[in-house]
file protein_30.csv (CSV, C-alpha atoms)
chain,number,residue,atom,x,y,z
A,53,MET,CA,32.7,-20.3,-47.7
A,54,LYS,CA,32.7,-16.9,-46.0
A,55,ILE,CA,29.1,-15.9,-45.4
A,56,LEU,CA,27.7,-12.7,-43.9
A,57,VAL,CA,24.4,-13.3,-42.0
A,58,THR,CA,22.5,-10.2,-40.9
A,59,GLY,CA,20.2,-10.7,-38.0
A,60,SER,CA,22.6,-13.3,-36.5
A,61,ALA,CA,21.2,-12.8,-33.0
A,62,GLY,CA,17.7,-13.4,-34.3
A,63,PHE,CA,15.6,-16.6,-34.2
A,64,ILE,CA,16.3,-17.8,-37.7
A,65,GLY,CA,19.6,-16.0,-38.1
A,66,SER,CA,21.2,-17.6,-35.0
A,67,THR,CA,20.0,-21.1,-35.9
A,68,LEU,CA,21.2,-20.7,-39.5
A,69,SER,CA,24.6,-19.3,-38.4
A,70,GLN,CA,25.1,-22.3,-36.1
A,71,ARG,CA,24.4,-24.8,-38.9
A,72,LEU,CA,26.8,-23.0,-41.3
A,73,LEU,CA,29.5,-22.9,-38.7
A,74,ALA,CA,29.0,-26.6,-37.9
A,75,ARG,CA,29.6,-27.5,-41.5
A,76,GLY,CA,32.8,-25.5,-41.6
A,77,ASP,CA,31.8,-22.1,-43.1
A,78,GLU,CA,33.1,-18.8,-41.7
A,79,VAL,CA,30.2,-16.6,-40.5
A,80,ILE,CA,30.3,-12.9,-40.1
A,81,GLY,CA,27.2,-12.2,-37.9
A,82,LEU,CA,25.8,-8.7,-38.1
A,83,ASP,CA,23.1,-7.6,-35.6
A,84,ASN,CA,22.3,-4.4,-33.7
A,85,LEU,CA,20.7,-6.2,-30.7
A,86,ASN,CA,17.7,-3.8,-30.7
A,87,ASP,CA,15.2,-4.0,-27.9
A,88,TYR,CA,12.1,-4.9,-30.0
A,89,TYR,CA,12.1,-7.9,-27.7
A,90,ASP,CA,14.2,-9.4,-24.8
A,91,VAL,CA,17.9,-8.5,-25.5
A,92,ASN,CA,19.0,-11.2,-23.1
A,93,LEU,CA,17.5,-13.8,-25.3
A,94,LYS,CA,19.4,-12.4,-28.3
A,95,ARG,CA,22.7,-12.4,-26.2
A,96,ALA,CA,22.1,-16.1,-25.3
A,97,ARG,CA,21.6,-17.0,-28.9
A,98,LEU,CA,24.9,-15.2,-29.8
A,99,ALA,CA,26.7,-17.0,-27.0
A,100,ARG,CA,26.1,-20.3,-28.9
A,101,LEU,CA,27.8,-18.9,-31.9
A,102,GLN,CA,30.7,-17.4,-30.1
A,103,ALA,CA,31.9,-20.9,-29.2
A,104,TYR,CA,32.9,-21.4,-32.8
A,105,ALA,CA,36.3,-20.2,-34.0
A,106,GLY,CA,34.8,-19.3,-37.4
A,107,PHE,CA,32.4,-16.8,-36.0
A,108,THR,CA,33.0,-13.0,-36.2
A,109,GLU,CA,30.5,-10.7,-34.5
A,110,VAL,CA,29.7,-7.2,-35.9
A,111,ARG,CA,27.4,-5.0,-33.8
A,112,ALA,CA,25.7,-2.6,-36.2
A,113,SER,CA,22.5,-1.7,-37.9
A,114,LEU,CA,21.7,-2.1,-41.6
A,115,GLU,CA,20.9,1.6,-41.7
A,116,ASP,CA,24.5,2.5,-40.8
A,117,ARG,CA,25.8,2.6,-44.4
A,118,GLN,CA,29.4,3.4,-43.4
A,119,VAL,CA,29.8,0.5,-41.0
A,120,LEU,CA,28.1,-1.8,-43.4
A,121,ASN,CA,30.5,-0.9,-46.2
A,122,GLU,CA,33.5,-1.2,-43.9
A,123,THR,CA,32.3,-4.7,-42.8
A,124,PHE,CA,32.1,-5.8,-46.5
A,125,ALA,CA,35.5,-4.3,-47.3
A,126,ARG,CA,37.2,-5.9,-44.3
A,127,HIS,CA,35.7,-9.4,-44.4
A,128,ARG,CA,34.9,-9.8,-48.1
A,129,PRO,CA,32.0,-12.2,-47.7
A,130,GLN,CA,31.4,-14.5,-50.7
A,131,ARG,CA,27.6,-14.8,-50.0
A,132,VAL,CA,25.1,-12.9,-47.9
A,133,VAL,CA,21.9,-14.0,-46.1
A,134,ASN,CA,19.9,-10.9,-45.1
A,135,LEU,CA,17.6,-11.8,-42.2
A,136,ALA,CA,17.8,-8.6,-40.3
A,137,ALA,CA,14.6,-6.6,-40.5
A,138,GLN,CA,11.9,-5.0,-38.4
A,139,ALA,CA,9.5,-7.8,-38.0
A,140,GLY,CA,5.9,-8.1,-36.9
A,141,VAL,CA,2.6,-7.2,-38.7
A,142,ARG,CA,0.9,-5.6,-35.7
A,143,TYR,CA,3.9,-3.5,-34.7
A,144,SER,CA,4.0,-2.0,-38.2
A,145,ILE,CA,0.7,-0.3,-37.6
A,146,GLN,CA,2.0,1.3,-34.4
A,147,ASN,CA,5.5,2.2,-35.5
A,148,PRO,CA,5.7,2.5,-39.3
A,149,HIS,CA,9.0,4.5,-39.4
A,150,ALA,CA,10.9,1.6,-37.9
A,151,TYR,CA,10.0,-0.5,-41.0
A,152,VAL,CA,11.0,2.2,-43.4
A,153,ASP,CA,14.4,2.6,-41.7
A,154,SER,CA,15.3,-1.1,-41.4
A,155,ASN,CA,13.4,-2.8,-44.2
A,156,LEU,CA,13.8,-0.2,-47.0
A,157,VAL,CA,16.8,2.0,-46.2
A,158,GLY,CA,18.7,-1.0,-44.6
A,159,PHE,CA,17.9,-3.3,-47.6
A,160,VAL,CA,19.1,-0.9,-50.2
A,161,ASN,CA,22.3,-0.5,-48.2
A,162,ILE,CA,22.7,-4.3,-48.4
A,163,LEU,CA,22.1,-4.3,-52.1
A,164,GLU,CA,24.7,-1.6,-52.7
A,165,ALA,CA,27.3,-3.3,-50.5
A,166,CYS,CA,26.7,-6.6,-52.4
A,167,ARG,CA,27.0,-4.8,-55.7
A,168,HIS,CA,30.2,-3.1,-54.9
A,169,HIS,CA,31.9,-6.0,-53.2
A,170,ALA,CA,31.2,-8.7,-55.9
A,171,VAL,CA,29.0,-10.9,-53.7
A,172,GLU,CA,28.2,-14.2,-55.4
A,173,HIS,CA,24.7,-14.6,-54.1
A,174,LEU,CA,22.3,-12.6,-51.9
A,175,VAL,CA,19.6,-14.6,-50.2
A,176,TYR,CA,17.1,-12.4,-48.3
A,177,ALA,CA,14.0,-12.9,-46.1
A,178,SER,CA,10.6,-12.0,-47.5
A,179,THR,CA,7.4,-13.1,-45.9
A,180,SER,CA,4.1,-14.9,-46.5
A,181,SER,CA,2.5,-11.6,-45.5
A,182,VAL,CA,3.1,-10.3,-49.1
A,183,TYR,CA,0.1,-12.4,-50.2
A,184,GLY,CA,-2.1,-9.9,-48.4
A,185,ALA,CA,-5.6,-9.9,-49.8
A,186,ASN,CA,-5.0,-13.0,-52.0
A,187,THR,CA,-7.4,-15.8,-51.3
A,188,LYS,CA,-6.4,-18.4,-53.8
A,189,MET,CA,-4.9,-21.4,-52.0
A,190,PRO,CA,-2.2,-22.5,-51.8
A,191,PHE,CA,-0.3,-19.3,-52.1
A,192,SER,CA,2.0,-19.5,-55.2
A,193,VAL,CA,5.0,-17.4,-56.1
A,194,HIS,CA,3.7,-17.3,-59.6
A,195,ASP,CA,0.7,-15.2,-58.5
A,196,ASN,CA,0.5,-11.4,-58.4
A,197,VAL,CA,1.0,-10.0,-54.9
A,198,ASP,CA,0.1,-6.3,-55.2
A,199,HIS,CA,-2.5,-6.0,-52.4
A,200,PRO,CA,-0.6,-6.1,-49.1
A,201,VAL,CA,-2.7,-5.4,-45.9
A,202,SER,CA,0.1,-4.2,-43.6
A,203,LEU,CA,3.1,-1.9,-44.0
A,204,TYR,CA,5.4,-4.8,-43.0
A,205,ALA,CA,4.1,-6.8,-46.0
A,206,ALA,CA,4.5,-3.7,-48.2
A,207,THR,CA,8.2,-3.3,-47.2
A,208,LYS,CA,8.9,-6.9,-47.9
A,209,LYS,CA,7.2,-6.7,-51.3
A,210,ALA,CA,9.4,-3.7,-52.0
A,211,ASN,CA,12.5,-5.7,-51.1
A,212,GLU,CA,11.6,-8.2,-53.8
A,213,LEU,CA,11.2,-5.4,-56.4
A,214,MET,CA,14.5,-3.7,-55.3
A,215,ALA,CA,16.3,-7.1,-55.5
A,216,HIS,CA,15.1,-7.6,-59.0
A,217,THR,CA,16.3,-4.2,-60.1
A,218,TYR,CA,19.8,-5.0,-58.8
A,219,SER,CA,19.7,-8.4,-60.4
A,220,HIS,CA,18.7,-6.8,-63.7
A,221,LEU,CA,21.1,-3.8,-63.7
A,222,TYR,CA,24.2,-5.4,-62.1
A,223,GLU,CA,23.7,-9.1,-62.6
A,224,LEU,CA,23.7,-9.6,-58.9
A,225,PRO,CA,22.2,-13.0,-58.2
A,226,THR,CA,19.4,-12.7,-55.6
A,227,THR,CA,16.9,-15.1,-54.1
A,228,GLY,CA,14.0,-14.1,-51.9
A,229,LEU,CA,12.4,-16.5,-49.5
A,230,ARG,CA,8.8,-16.0,-48.3
A,231,PHE,CA,8.8,-17.5,-44.8
A,232,PHE,CA,5.6,-19.0,-43.5
A,233,THR,CA,5.1,-18.8,-39.7
A,234,VAL,CA,8.4,-20.1,-38.3
A,235,TYR,CA,8.4,-21.6,-34.8
A,236,GLY,CA,10.7,-23.7,-32.6
A,237,PRO,CA,13.4,-23.5,-29.9
A,238,TRP,CA,15.0,-20.0,-29.4
A,239,GLY,CA,11.9,-18.5,-31.1
A,240,ARG,CA,10.6,-14.9,-30.9
A,241,PRO,CA,8.8,-13.8,-27.7
A,242,ASP,CA,6.2,-11.9,-29.8
A,243,MET,CA,5.1,-14.9,-31.7
A,244,ALA,CA,1.9,-16.9,-30.7
A,245,LEU,CA,3.7,-20.1,-29.5
A,246,PHE,CA,5.9,-18.1,-27.1
A,247,LEU,CA,3.0,-15.9,-25.9
A,248,PHE,CA,0.7,-18.9,-25.4
A,249,THR,CA,3.3,-21.0,-23.5
A,250,ARG,CA,4.2,-18.2,-21.2
A,251,ALA,CA,0.5,-17.4,-20.4
A,252,ILE,CA,-0.6,-21.0,-19.9
A,253,LEU,CA,2.3,-21.8,-17.5
A,254,ALA,CA,1.4,-18.6,-15.6
A,255,ASP,CA,-2.3,-19.6,-15.4
A,256,GLN,CA,-3.2,-16.5,-17.5
A,257,PRO,CA,-5.7,-16.4,-20.4
A,258,ILE,CA,-4.5,-16.4,-24.0
A,259,ASP,CA,-5.8,-14.1,-26.7
A,260,VAL,CA,-7.1,-16.1,-29.6
A,261,PHE,CA,-7.8,-13.9,-32.6
A,262,ASN,CA,-10.3,-14.7,-35.3
A,263,TYR,CA,-11.9,-17.0,-32.7
A,264,GLY,CA,-9.2,-19.5,-33.4
A,265,HIS,CA,-10.5,-20.3,-36.9
A,266,HIS,CA,-7.6,-19.0,-39.0
A,267,ARG,CA,-5.0,-21.5,-40.4
A,268,ARG,CA,-1.3,-21.1,-40.6
A,269,ASP,CA,1.4,-22.9,-42.5
A,270,PHE,CA,3.5,-23.4,-39.3
A,271,THR,CA,7.0,-24.3,-40.2
A,272,TYR,CA,9.7,-25.7,-37.9
A,273,VAL,CA,12.9,-23.7,-37.7
A,274,ASP,CA,15.2,-26.6,-38.6
A,275,ASP,CA,13.2,-27.3,-41.8
A,276,ILE,CA,13.5,-23.6,-42.7
A,277,VAL,CA,17.2,-23.5,-42.1
A,278,GLU,CA,17.8,-26.6,-44.2
A,279,GLY,CA,15.9,-24.8,-47.0
A,280,VAL,CA,17.8,-21.6,-46.7
A,281,ILE,CA,21.2,-23.4,-46.9
A,282,ARG,CA,20.1,-25.4,-50.0
A,283,VAL,CA,19.1,-22.1,-51.6
A,284,LEU,CA,22.3,-20.3,-50.6
A,285,ASP,CA,24.4,-23.1,-52.1
A,286,GLN,CA,22.5,-22.8,-55.5
A,287,VAL,CA,23.2,-19.4,-57.0
A,288,ALA,CA,20.2,-17.8,-58.7
A,289,ALA,CA,20.4,-17.9,-62.5
A,290,PRO,CA,18.4,-16.3,-65.3
A,291,ASP,CA,15.3,-18.2,-66.5
A,292,SER,CA,15.8,-18.8,-70.2
A,293,SER,CA,12.0,-19.4,-70.6
A,294,TRP,CA,11.0,-16.1,-69.0
A,295,SER,CA,9.0,-13.8,-71.3
A,296,GLY,CA,7.9,-10.2,-70.8
A,297,ASP,CA,4.7,-11.1,-72.7
A,298,ALA,CA,3.6,-13.2,-69.8
A,299,PRO,CA,5.9,-12.3,-67.0
A,300,ASP,CA,6.4,-14.9,-64.2
A,301,PRO,CA,6.8,-13.0,-60.8
A,302,ALA,CA,9.0,-15.9,-59.5
A,303,SER,CA,11.8,-15.6,-62.0
A,304,SER,CA,13.3,-13.3,-64.6
A,305,HIS,CA,15.7,-12.9,-67.5
A,306,ALA,CA,18.0,-11.6,-64.7
A,307,PRO,CA,19.6,-13.9,-62.0
A,308,TYR,CA,16.6,-13.6,-59.7
A,309,ARG,CA,14.4,-16.1,-57.9
A,310,LEU,CA,11.5,-16.1,-55.4
A,311,TYR,CA,10.4,-19.1,-53.4
A,312,ASN,CA,7.9,-19.9,-50.7
A,313,ILE,CA,9.4,-21.7,-47.8
A,314,GLY,CA,6.8,-23.3,-45.5
A,315,SER,CA,5.5,-26.7,-44.3
A,316,ASN,CA,2.8,-27.1,-47.1
A,317,ARG,CA,0.5,-28.3,-44.2
A,318,PRO,CA,-1.7,-25.5,-42.9
A,319,VAL,CA,-3.1,-26.1,-39.4
A,320,GLU,CA,-6.0,-24.4,-37.7
A,321,LEU,CA,-5.0,-22.3,-34.7
A,322,MET,CA,-7.2,-24.2,-32.3
A,323,ARG,CA,-5.4,-27.4,-33.3
A,324,TYR,CA,-2.1,-25.8,-32.7
A,325,ILE,CA,-3.3,-24.7,-29.2
A,326,GLU,CA,-4.5,-28.3,-28.5
A,327,VAL,CA,-1.0,-29.7,-29.3
A,328,LEU,CA,0.6,-27.1,-27.0
A,329,GLU,CA,-1.9,-28.0,-24.2
A,330,ASP,CA,-0.9,-31.6,-24.6
A,331,CYS,CA,2.8,-30.8,-24.4
A,332,LEU,CA,2.3,-28.6,-21.3
A,333,GLY,CA,-0.1,-30.9,-19.6
A,334,ARG,CA,-2.6,-28.2,-18.8
A,335,LYS,CA,-5.5,-26.4,-20.5
A,336,ALA,CA,-5.5,-22.9,-21.8
A,337,VAL,CA,-8.1,-20.3,-20.8
A,338,LYS,CA,-9.0,-18.8,-24.1
A,339,ASN,CA,-10.0,-15.2,-24.7
A,340,LEU,CA,-11.7,-15.4,-28.1
A,341,LEU,CA,-11.3,-12.2,-30.1
A,342,PRO,CA,-12.0,-11.0,-33.7
A,343,MET,CA,-9.3,-10.9,-36.3
A,344,GLN,CA,-6.8,-8.1,-35.9
A,345,ALA,CA,-6.1,-5.3,-38.4
A,346,GLY,CA,-3.4,-6.3,-40.9
A,347,ASP,CA,-3.9,-10.0,-40.3
A,348,VAL,CA,-5.0,-12.6,-42.9
A,349,PRO,CA,-7.4,-15.6,-42.3
A,350,ASP,CA,-5.2,-18.3,-43.8
A,351,THR,CA,-1.7,-19.0,-45.1
A,352,TYR,CA,-0.8,-22.1,-47.1
A,353,ALA,CA,2.5,-22.4,-49.0
A,354,ASP,CA,2.9,-23.9,-52.4
A,355,VAL,CA,6.5,-25.2,-52.1
A,356,ASP,CA,6.7,-27.2,-55.4
A,357,ALA,CA,9.3,-24.9,-56.9
A,358,LEU,CA,11.6,-25.2,-53.9
A,359,VAL,CA,11.2,-28.9,-53.8
A,360,ARG,CA,12.0,-29.1,-57.5
A,361,ASP,CA,15.0,-26.8,-57.6
A,362,VAL,CA,16.8,-27.6,-54.4
A,363,GLY,CA,15.2,-30.8,-53.0
A,364,TYR,CA,13.5,-29.0,-50.0
A,365,GLN,CA,11.5,-31.4,-47.9
A,366,PRO,CA,9.9,-30.0,-44.7
A,367,ALA,CA,9.7,-33.0,-42.4
A,368,THR,CA,8.7,-31.9,-38.9
A,369,PRO,CA,5.0,-32.3,-37.8
A,370,ILE,CA,3.7,-29.7,-35.3
A,371,GLU,CA,3.3,-32.4,-32.6
A,372,GLU,CA,7.1,-32.9,-32.7
A,373,GLY,CA,8.0,-29.3,-33.3
A,374,VAL,CA,5.9,-27.9,-30.5
A,375,ALA,CA,7.2,-30.6,-28.1
A,376,ARG,CA,10.8,-29.5,-28.8
A,377,PHE,CA,9.9,-25.9,-28.3
A,378,VAL,CA,8.2,-26.6,-24.9
A,379,ALA,CA,11.3,-28.7,-23.8
A,380,TRP,CA,13.6,-25.8,-24.7
A,381,TYR,CA,11.3,-23.2,-23.0
A,382,ARG,CA,11.2,-25.2,-19.8
A,383,GLU,CA,15.0,-25.6,-19.7
A,384,TYR,CA,15.8,-22.0,-20.7
A,385,TYR,CA,13.4,-20.4,-18.3
A,386,ARG,CA,13.7,-23.1,-15.7
A,387,VAL,CA,10.0,-23.6,-15.5

call {"tool": "encode", "arguments": {"input": "protein_30.csv", "output": "structure tokens"}}
result
Amino acid sequence: MKILVTGSAGFIGSTLSQRLLARGDEVIGLDNLNDYYDVNLKRARLARLQAYAGFTEVRASLEDRQVLNETFARHRPQRVVNLAAQAGVRYSIQNPHAYVDSNLVGFVNILEACRHHAVEHLVYASTSSVYGANTKMPFSVHDNVDHPVSLYAATKKANELMAHTYSHLYELPTTGLRFFTVYGPWGRPDMALFLFTRAILADQPIDVFNYGHHRRDFTYVDDIVEGVIRVLDQVAAPDSSWSGDAPDPASSHAPYRLYNIGSNRPVELMRYIEVLEDCLGRKAVKNLLPMQAGDVPDTYADVDALVRDVGYQPATPIEEGVARFVAWYREYYRV
């Protein structure tokens, strides 16, 4: 297939693009290489993709409607995976307008382009952050998520609503994936594993929020990518059992689906740090701090629907995943 991947220089986007190229798909990779974090890392990810004959790079932002439409018209992608977004819970408190521009304006541009160019299936990144103030565990896509606690989460919830509108009005098949704390090689420098590794190797203290007591459904990137590909290959369809009398948020009378994509194995942050210490062969100096604004104490993904519908099976324990990250980090940074 010919697949447009936005955010192709990103952590998940570059790993996904490489898997698609390796199986023989053509990939049009769109990214603006912004400086939210180290641009050289993004360029290094892109270099892996440029080795494939089937890869076409487009340097642009989702907010640039004209370039986006020209890209769709020129390349005619059959399917689209939208991973480009302004990420980060904490940064959304400092710079809210970046989230409106990328996650709201940019996403409606993607929807319009998919609509006007007969895209077969749009798969897009949502986030576990949409669960916000919910405390019922595990988090289920069948539950209401109307109480976000960060603007980042609110923009992603808005993406889900916008996608449903286009599925309903134009019969555009859309599938949203709520990612749960993705980690692994080529990861984002603003994520905990990256920050902790860098600090520990430099003999600097690490900031441990919520005194290390919160739990996260840490999910290894290869497991995530396998799930994304399985979803991409199965086009969203209307749910014949859906009823407006008791509406299920996860499906619709329209070709619309929502799934959690996580490990289904929450781990306490302190345990995660212990595994990292074992892999690095040294102990961390911990600066214990209260929970940050916009954060949630725990995440735990109910992935039953994804297992049932596409055979998703996350298989990488944190001991193995963190070890792979540390090996990559040491090689990439020559530490």

call {"tool": "closest_residue", "arguments": {"input": "protein_30.csv", "among": "A:Val91, A:Leu358, A:Ala367, A:Leu135", "to": "Phe270 (chain A)", "atoms": "only C-alpha atoms"}}
result
A:Ala367

call {"tool": "closest_residue", "arguments": {"input": "protein_30.csv", "among": "A:His168, A:Arg317, A:Arg268, A:Arg334", "to": "Pro129 (chain A)", "atoms": "all atoms listed in the file"}}
result
A:His168

call {"tool": "atom_distance", "arguments": {"input": "protein_30.csv", "atom1": "CA of Pro241 (chain A)", "atom2": "CA of Gly140 (chain A)"}}
result
11.2 Å

call {"tool": "closest_residue", "arguments": {"input": "protein_30.csv", "among": "A:Leu340, A:Ala251, A:Val234, A:Ala136", "to": "Gly158 (chain A)", "atoms": "only C-alpha atoms"}}
result
A:Ala136

call {"tool": "closest_residue", "arguments": {"input": "protein_30.csv", "among": "A:Gln118, A:Ser144, A:Gln138, A:Thr123", "to": "Leu82 (chain A)", "atoms": "all atoms listed in the file"}}
result
A:Thr123

call {"tool": "closest_residue", "arguments": {"input": "protein_30.csv", "among": "A:Tyr88, A:Tyr235, A:Phe159, A:Trp294", "to": "Thr207 (chain A)", "atoms": "all atoms listed in the file"}}
result
A:Phe159

call {"tool": "closest_residue", "arguments": {"input": "protein_30.csv", "among": "A:His266, A:His173, A:Lys338, A:Arg240", "to": "Ile252 (chain A)", "atoms": "only C-alpha atoms"}}
result
A:Lys338

call {"tool": "residues_around", "arguments": {"input": "protein_30.csv", "residues": "Pro369 (chain A)", "least_positions_apart": "5", "cutoff": "9 Å", "atoms": "all atoms listed in the file", "output": "list in words"}}
result
Thr271, Tyr272, Ser315, Arg317 and Val374 of chain A

call {"tool": "atom_distance", "arguments": {"input": "protein_30.csv", "atom1": "CA of Ser113 (chain A)", "atom2": "CA of Val133 (chain A)"}}
result
14.8 Å

call {"tool": "atom_distance", "arguments": {"input": "protein_30.csv", "atom1": "CA of Gly373 (chain A)", "atom2": "CA of Met243 (chain A)"}}
result
14.8 Å

call {"tool": "closest_atom_pairs", "arguments": {"input": "protein_30.csv", "of": "region 175-255 of chain A", "to": "region 96-101 of chain A", "cutoff": "12 Å", "atoms": "all atoms listed in the file", "output": "JSON lines"}}
result
{"residue": "A:Pro237", "atom": "CA", "partner": "A:Arg97", "partner_atom": "CA", "distance": 10.5}
{"residue": "A:Trp238", "atom": "CA", "partner": "A:Arg97", "partner_atom": "CA", "distance": 7.3}
{"residue": "A:Gly239", "atom": "CA", "partner": "A:Arg97", "partner_atom": "CA", "distance": 10.1}
{"residue": "A:Arg240", "atom": "CA", "partner": "A:Arg97", "partner_atom": "CA", "distance": 11.4}

call {"tool": "decode", "arguments": {"input": "protein_30.csv", "residues": "region 325-333 of chain A", "atoms": "all heavy atoms", "output": "PDB file, in the first residue's frame"}}
result
ATOM      1  N   ILE A 325      12.430   2.298  37.887  1.00  0.00           N
ATOM      2  CA  ILE A 325      13.755   2.861  38.168  1.00  0.00           C
ATOM      3  C   ILE A 325      14.724   1.760  38.601  1.00  0.00           C
ATOM      4  O   ILE A 325      15.898   1.741  38.195  1.00  0.00           O
ATOM      5  CB  ILE A 325      13.645   3.967  39.238  1.00  0.00           C
ATOM      6  CG1 ILE A 325      12.859   5.158  38.678  1.00  0.00           C
ATOM      7  CG2 ILE A 325      15.030   4.413  39.704  1.00  0.00           C
ATOM      8  CD1 ILE A 325      12.473   6.203  39.722  1.00  0.00           C
ATOM      9  N   GLU A 326      14.244   0.802  39.393  1.00  0.00           N
ATOM     10  CA  GLU A 326      15.088  -0.315  39.814  1.00  0.00           C
ATOM     11  C   GLU A 326      15.598  -1.113  38.618  1.00  0.00           C
ATOM     12  O   GLU A 326      16.775  -1.502  38.562  1.00  0.00           O
ATOM     13  CB  GLU A 326      14.311  -1.247  40.754  1.00  0.00           C
ATOM     14  CG  GLU A 326      14.073  -0.701  42.142  1.00  0.00           C
ATOM     15  CD  GLU A 326      13.153  -1.611  42.943  1.00  0.00           C
ATOM     16  OE1 GLU A 326      12.764  -2.683  42.434  1.00  0.00           O
ATOM     17  OE2 GLU A 326      12.811  -1.247  44.086  1.00  0.00           O
ATOM     18  N   VAL A 327      14.713  -1.364  37.667  1.00  0.00           N
ATOM     19  CA  VAL A 327      15.112  -2.103  36.457  1.00  0.00           C
ATOM     20  C   VAL A 327      16.173  -1.318  35.694  1.00  0.00           C
ATOM     21  O   VAL A 327      17.171  -1.884  35.224  1.00  0.00           O
ATOM     22  CB  VAL A 327      13.882  -2.372  35.562  1.00  0.00           C
ATOM     23  CG1 VAL A 327      14.312  -2.943  34.206  1.00  0.00           C
ATOM     24  CG2 VAL A 327      12.918  -3.329  36.258  1.00  0.00           C
ATOM     25  N   LEU A 328      15.975  -0.010  35.583  1.00  0.00           N
ATOM     26  CA  LEU A 328      16.951   0.835  34.892  1.00  0.00           C
ATOM     27  C   LEU A 328      18.297   0.811  35.619  1.00  0.00           C
ATOM     28  O   LEU A 328      19.359   0.716  34.976  1.00  0.00           O
ATOM     29  CB  LEU A 328      16.423   2.266  34.788  1.00  0.00           C
ATOM     30  CG  LEU A 328      17.366   3.292  34.144  1.00  0.00           C
ATOM     31  CD1 LEU A 328      17.750   2.875  32.723  1.00  0.00           C
ATOM     32  CD2 LEU A 328      16.720   4.676  34.147  1.00  0.00           C
ATOM     33  N   GLU A 329      18.268   0.884  36.947  1.00  0.00           N
ATOM     34  CA  GLU A 329      19.512   0.831  37.723  1.00  0.00           C
ATOM     35  C   GLU A 329      20.259  -0.473  37.462  1.00  0.00           C
ATOM     36  O   GLU A 329      21.483  -0.480  37.298  1.00  0.00           O
ATOM     37  CB  GLU A 329      19.201   0.982  39.212  1.00  0.00           C
ATOM     38  CG  GLU A 329      18.734   2.370  39.627  1.00  0.00           C
ATOM     39  CD  GLU A 329      18.253   2.423  41.060  1.00  0.00           C
ATOM     40  OE1 GLU A 329      17.725   1.386  41.566  1.00  0.00           O
ATOM     41  OE2 GLU A 329      18.404   3.479  41.701  1.00  0.00           O
ATOM     42  N   ASP A 330      19.522  -1.581  37.405  1.00  0.00           N
ATOM     43  CA  ASP A 330      20.144  -2.874  37.136  1.00  0.00           C
ATOM     44  C   ASP A 330      20.805  -2.886  35.755  1.00  0.00           C
ATOM     45  O   ASP A 330      21.915  -3.404  35.585  1.00  0.00           O
ATOM     46  CB  ASP A 330      19.105  -3.994  37.212  1.00  0.00           C
ATOM     47  CG  ASP A 330      18.628  -4.259  38.639  1.00  0.00           C
ATOM     48  OD1 ASP A 330      19.315  -3.804  39.585  1.00  0.00           O
ATOM     49  OD2 ASP A 330      17.569  -4.889  38.797  1.00  0.00           O
ATOM     50  N   CYS A 331      20.128  -2.307  34.767  1.00  0.00           N
ATOM     51  CA  CYS A 331      20.664  -2.300  33.396  1.00  0.00           C
ATOM     52  C   CYS A 331      21.889  -1.396  33.280  1.00  0.00           C
ATOM     53  O   CYS A 331      22.813  -1.680  32.509  1.00  0.00           O
ATOM     54  CB  CYS A 331      19.588  -1.846  32.417  1.00  0.00           C
ATOM     55  SG  CYS A 331      18.219  -3.012  32.215  1.00  0.00           S
ATOM     56  N   LEU A 332      21.896  -0.300  34.026  1.00  0.00           N
ATOM     57  CA  LEU A 332      23.013   0.644  33.972  1.00  0.00           C
ATOM     58  C   LEU A 332      24.165   0.242  34.890  1.00  0.00           C
ATOM     59  O   LEU A 332      25.293   0.713  34.743  1.00  0.00           O
ATOM     60  CB  LEU A 332      22.539   2.044  34.360  1.00  0.00           C
ATOM     61  CG  LEU A 332      21.599   2.742  33.377  1.00  0.00           C
ATOM     62  CD1 LEU A 332      21.078   4.037  33.977  1.00  0.00           C
ATOM     63  CD2 LEU A 332      22.301   3.010  32.051  1.00  0.00           C
ATOM     64  N   GLY A 333      23.855  -0.607  35.870  1.00  0.00           N
ATOM     65  CA  GLY A 333      24.889  -1.029  36.809  1.00  0.00           C
ATOM     66  C   GLY A 333      25.267   0.044  37.808  1.00  0.00           C
ATOM     67  O   GLY A 333      26.387   0.042  38.343  1.00  0.00           O
TER      68      GLY A 333
END
